[in-house]
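Here is the structure we will look at, set down as structure tokens.
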Amino acid sequence: ENVHVPVANRLGEEGEGFRFAMKGLDGGRINIATCSVGAAQGAYEAARRYMGERRQFGRALADFQALQFKLADLLANIVASRQMVRLAACKLDEGDPQATAYCAMAKRLATDLCFQSCLDAQQIHGGYGYLKDYPLERLVRDTRVHQILEGTNEIMRLIVARHILTQEADLR
Ligand SMILES: Cc1cc2nc3c(=O)[nH]c(=O)nc-3n(C[C@H](O)[C@H](O)[C@H](O)COP(=O)(O)OP(=O)(O)OC[C@H]3O[C@@H](n4cnc5c(N)ncnc54)[C@H](O)[C@@H]3O)c2cc1C
């Protein structure tokens with residue numbers, strides 16, 4: 001309060017502060033999305049390991065095709081999320097005028113897909129997935145908040161929709 005900053009030290013034009021502050025969030029969204037990708041990768045690896053170890057009805061879980069399909073979808077969603085986050089990070093590095101929209105898209109997509117991946121990996125662990133003895137309980141909790149932090153995923157959709165509708169954006 002009551003701090004006086006000389007005009008010469010101002011970063012931009014008067015009234016631009018909110019825009020600058022919001023721009024700082026672009027990198028933060030890449031950060032959160034990356035945390036989700038890492039957590040989902042860990043969840044996938046734990047589920048893959050567990051499917052080899054756990055036996056039910058005389059067979060390893062890995063022998064059940066329903067779980068094999070779940071594992072296949074898990075990995076595809078993680079790879080897609082990682083690529084989306086890297087694309088947004090490249091746009092940000094290049095100073096692309098569409099970077100804010102790409103960061104919002106990446107944050108929304110990666111945090112939604114990776115939370116679902118952690119839930120699926122938890123399901124593969126059965127009851128053990130719910131207990132603190134296994135890592136899934138924490139990974140699910142951690143990735144859940146990524147849908148809220150650094151701007152909720154509803155706000156990410158708002159940013160992207162506004163960008164599409166007002167900037168004649170060429171997003172592809
Ligand atoms: C663990 C944790 C750590 C945090 N760390 C930080 C931090 O370090 N720094 C910091 O600044 N903040 C931090 N936050 C705050 C976080 O960024 C906010 O909680 C988040 O941005 C959502 O704001 P809110 O809680 O006020 O929700 P609200 O704005 O009250 O939103 C409530 C609900 O309404 C929806 N909603 C709101 N407006 C709209 C709209 N226009 N259209 C559609 N839906 C809408 C939201 O998506 C949400 O689902 C942290 C939060 C948590 C949980």
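Ordering of the structure tokens sets the chain letters (A, B, ...), residue numbers begin anew at 1 in every chain, and ligands are numbered from 1 in the order given.
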Inset, instruction - For His125 of chain A, list every protein, DNA or RNA residue within 12 Å, evaluated using only C-alpha atoms, and leave out those in the same chain fewer than 5 positions away; present the list as a list of chain:residue names. - result: A:Ala43, A:Tyr44, A:Glu45, A:Ala46, A:Ala47, A:Arg48, A:Arg49, A:Tyr50, A:Met51, A:Gly52, A:Glu53, A:Arg54, A:Arg55, A:Gln56, A:Leu61, A:Ala62, A:Leu67, A:Cys118, A:Leu119, A:Asp120, A:Tyr130, A:Leu131, A:Asp133, A:Tyr134, A:Pro135, A:Leu136, A:Glu137
Legend entry - Contacts with ligand 1 at most 8 Å, only C-alpha atoms and all ligand atoms counted, listed as a PyMOL selection string: chain A and resi 145+148-155+158
Filtering to C-alpha atoms, could you give me those residues as a PDB file, in the first residue's frame?
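The resulting file, again.pdb, is shown below:
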ATOM      1  CA  VAL A 145      -6.958 -29.841  -8.238  1.00  0.00           C
ATOM      2  CA  ILE A 148      -9.235 -25.904 -10.642  1.00  0.00           C
ATOM      3  CA  LEU A 149      -5.812 -24.258 -10.180  1.00  0.00           C
ATOM      4  CA  GLU A 150      -4.340 -21.521 -12.357  1.00  0.00           C
ATOM      5  CA  GLY A 151      -7.845 -20.749 -13.633  1.00  0.00           C
ATOM      6  CA  THR A 152     -10.569 -23.390 -13.681  1.00  0.00           C
ATOM      7  CA  ASN A 153     -11.175 -25.428 -16.806  1.00  0.00           C
ATOM      8  CA  GLU A 154     -14.433 -23.543 -17.365  1.00  0.00           C
ATOM      9  CA  ILE A 155     -12.381 -20.351 -17.524  1.00  0.00           C
ATOM     10  CA  LEU A 158     -14.043 -19.123 -21.843  1.00  0.00           C
TER      11      LEU A 158
END
Inset, instruction - Looking only at helix (DSSP H, G or I) from DSSP on the backbone, list the matching residues of segment 42-136 of chain A as a ChimeraX atom specification. - result: /A:42-53,61-63,65-93,99-124,126-130,136
Legend entry - Distance criterion (only C-alpha atoms): nearest to Lys107 of chain A out of A:Gly12, A:Gly27, A:Pro6, A:Gly127: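 Nearest to Lys107 of chain A: A:Gly27.
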Legend entry - Residue contacts of Ala161 of chain A (12 Å, only C-alpha atoms) excluding same-chain residues fewer than 4 positions away, as number ranges by chain: A: 100-102, 104-105, 154-157, 165-169, 171
Could the residues in this selection be saved with N, CA, C and O atoms as a JSON list (two decimals), in the first residue's frame?
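Dumped to selection-v8.json:
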[["chain", "number", "residue", "atom", "x", "y", "z"],
["A", 100, "THR", "N", -1.72, -17.53, -25.77],
["A", 100, "THR", "CA", -2.64, -17.60, -24.63],
["A", 100, "THR", "C", -3.73, -18.65, -24.87],
["A", 100, "THR", "O", -4.06, -19.44, -23.98],
["A", 101, "ALA", "N", -4.27, -18.67, -26.09],
["A", 101, "ALA", "CA", -5.33, -19.64, -26.41],
["A", 101, "ALA", "C", -4.77, -21.06, -26.39],
["A", 101, "ALA", "O", -5.41, -21.99, -25.89],
["A", 102, "TYR", "N", -3.57, -21.24, -26.95],
["A", 102, "TYR", "CA", -2.97, -22.59, -26.95],
["A", 102, "TYR", "C", -2.68, -23.07, -25.53],
["A", 102, "TYR", "O", -2.86, -24.24, -25.21],
["A", 104, "ALA", "N", -4.28, -22.19, -22.83],
["A", 104, "ALA", "CA", -5.57, -22.51, -22.20],
["A", 104, "ALA", "C", -6.09, -23.86, -22.72],
["A", 104, "ALA", "O", -6.60, -24.68, -21.94],
["A", 105, "MET", "N", -5.95, -24.08, -24.03],
["A", 105, "MET", "CA", -6.41, -25.37, -24.60],
["A", 105, "MET", "C", -5.61, -26.52, -24.01],
["A", 105, "MET", "O", -6.16, -27.57, -23.67],
["A", 154, "GLU", "N", -13.35, -24.31, -16.73],
["A", 154, "GLU", "CA", -14.43, -23.54, -17.37],
["A", 154, "GLU", "C", -13.86, -22.22, -17.90],
["A", 154, "GLU", "O", -14.19, -21.78, -19.00],
["A", 155, "ILE", "N", -12.98, -21.62, -17.09],
["A", 155, "ILE", "CA", -12.38, -20.35, -17.52],
["A", 155, "ILE", "C", -11.46, -20.58, -18.73],
["A", 155, "ILE", "O", -11.37, -19.73, -19.62],
["A", 156, "MET", "N", -10.79, -21.76, -18.79],
["A", 156, "MET", "CA", -9.97, -22.07, -19.97],
["A", 156, "MET", "C", -10.85, -22.08, -21.22],
["A", 156, "MET", "O", -10.48, -21.56, -22.28],
["A", 157, "ARG", "N", -12.04, -22.68, -21.10],
["A", 157, "ARG", "CA", -12.96, -22.74, -22.25],
["A", 157, "ARG", "C", -13.41, -21.33, -22.64],
["A", 157, "ARG", "O", -13.53, -21.01, -23.82],
["A", 165, "LEU", "N", -13.98, -16.34, -31.14],
["A", 165, "LEU", "CA", -15.10, -15.52, -31.60],
["A", 165, "LEU", "C", -14.74, -14.06, -31.83],
["A", 165, "LEU", "O", -15.41, -13.37, -32.58],
["A", 166, "THR", "N", -13.65, -13.59, -31.20],
["A", 166, "THR", "CA", -13.36, -12.15, -31.33],
["A", 166, "THR", "C", -12.09, -11.86, -32.11],
["A", 166, "THR", "O", -11.89, -10.73, -32.54],
["A", 167, "GLN", "N", -11.21, -12.83, -32.28],
["A", 167, "GLN", "CA", -9.91, -12.51, -32.88],
["A", 167, "GLN", "C", -9.71, -13.12, -34.26],
["A", 167, "GLN", "O", -8.62, -13.10, -34.79],
["A", 168, "GLU", "N", -10.77, -13.70, -34.82],
["A", 168, "GLU", "CA", -10.65, -14.40, -36.10],
["A", 168, "GLU", "C", -9.40, -15.28, -36.08],
["A", 168, "GLU", "O", -8.57, -15.27, -36.99],
["A", 169, "ALA", "N", -9.26, -16.01, -34.99],
["A", 169, "ALA", "CA", -8.04, -16.78, -34.76],
["A", 169, "ALA", "C", -7.91, -17.94, -35.72],
["A", 169, "ALA", "O", -8.89, -18.59, -36.05],
["A", 171, "LEU", "N", -6.57, -21.08, -35.40],
["A", 171, "LEU", "CA", -6.05, -22.11, -34.50],
["A", 171, "LEU", "C", -6.18, -23.46, -35.20],
["A", 171, "LEU", "O", -7.26, -23.81, -35.64]]
Legend entry - Within 9 Å of segment 69-76 of chain A using only C-alpha atoms, minus same-chain residues under 2 positions, as a PyMOL selection string: chain A and resi 40-41+44+47-48+64-67+78-81+113-114+116-118+120-121+124
Inset, instruction - Counting only C-alpha atoms, figure out which residue out of A:Arg141, A:His146, A:Arg29, A:His163 gets nearest to Pro97 of chain A. - result: A:His163
Legend entry - Top pick for closest residue to Gly24 of chain A, considering A:Cys103, A:Asp96, A:Met84, A:Asp63 and counting only C-alpha atoms: A:Cys103
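For the pair atom CA of Val7 of chain A and atom CA of Met22 of chain A, the interatomic distance is 21.2 Å.
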Inset, instruction - Please give the complete set of residues from chain A that DSSP, run on the backbone, assigns to strand (DSSP E or B), formatted as a PyMOL selection string. - result: chain A and resi 55-56+59-60
Take the selection from the previous step and output its residues with C-alpha atoms, as a tab-separated table (two decimals), in the first residue's frame.
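The file below, out29.tsv, is the result:
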chain	number	residue	atom	x	y	z
A	55	ARG	CA	-3.84	-62.40	-10.13
A	56	GLN	CA	-7.61	-62.95	-10.07
A	59	ARG	CA	-4.96	-65.26	-14.31
A	60	ALA	CA	-2.92	-62.06	-14.19
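Distance-wise, atom CA of Asn31 of chain A and atom CA of Gly95 of chain A end up 17.0 Å apart.
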Inset, instruction - Could you tell me how far atom CA of Arg162 of chain A lies from atom CA of Gln98 of chain A, in Å and to one decimal? - result: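 So the answer is 11.9 Å.
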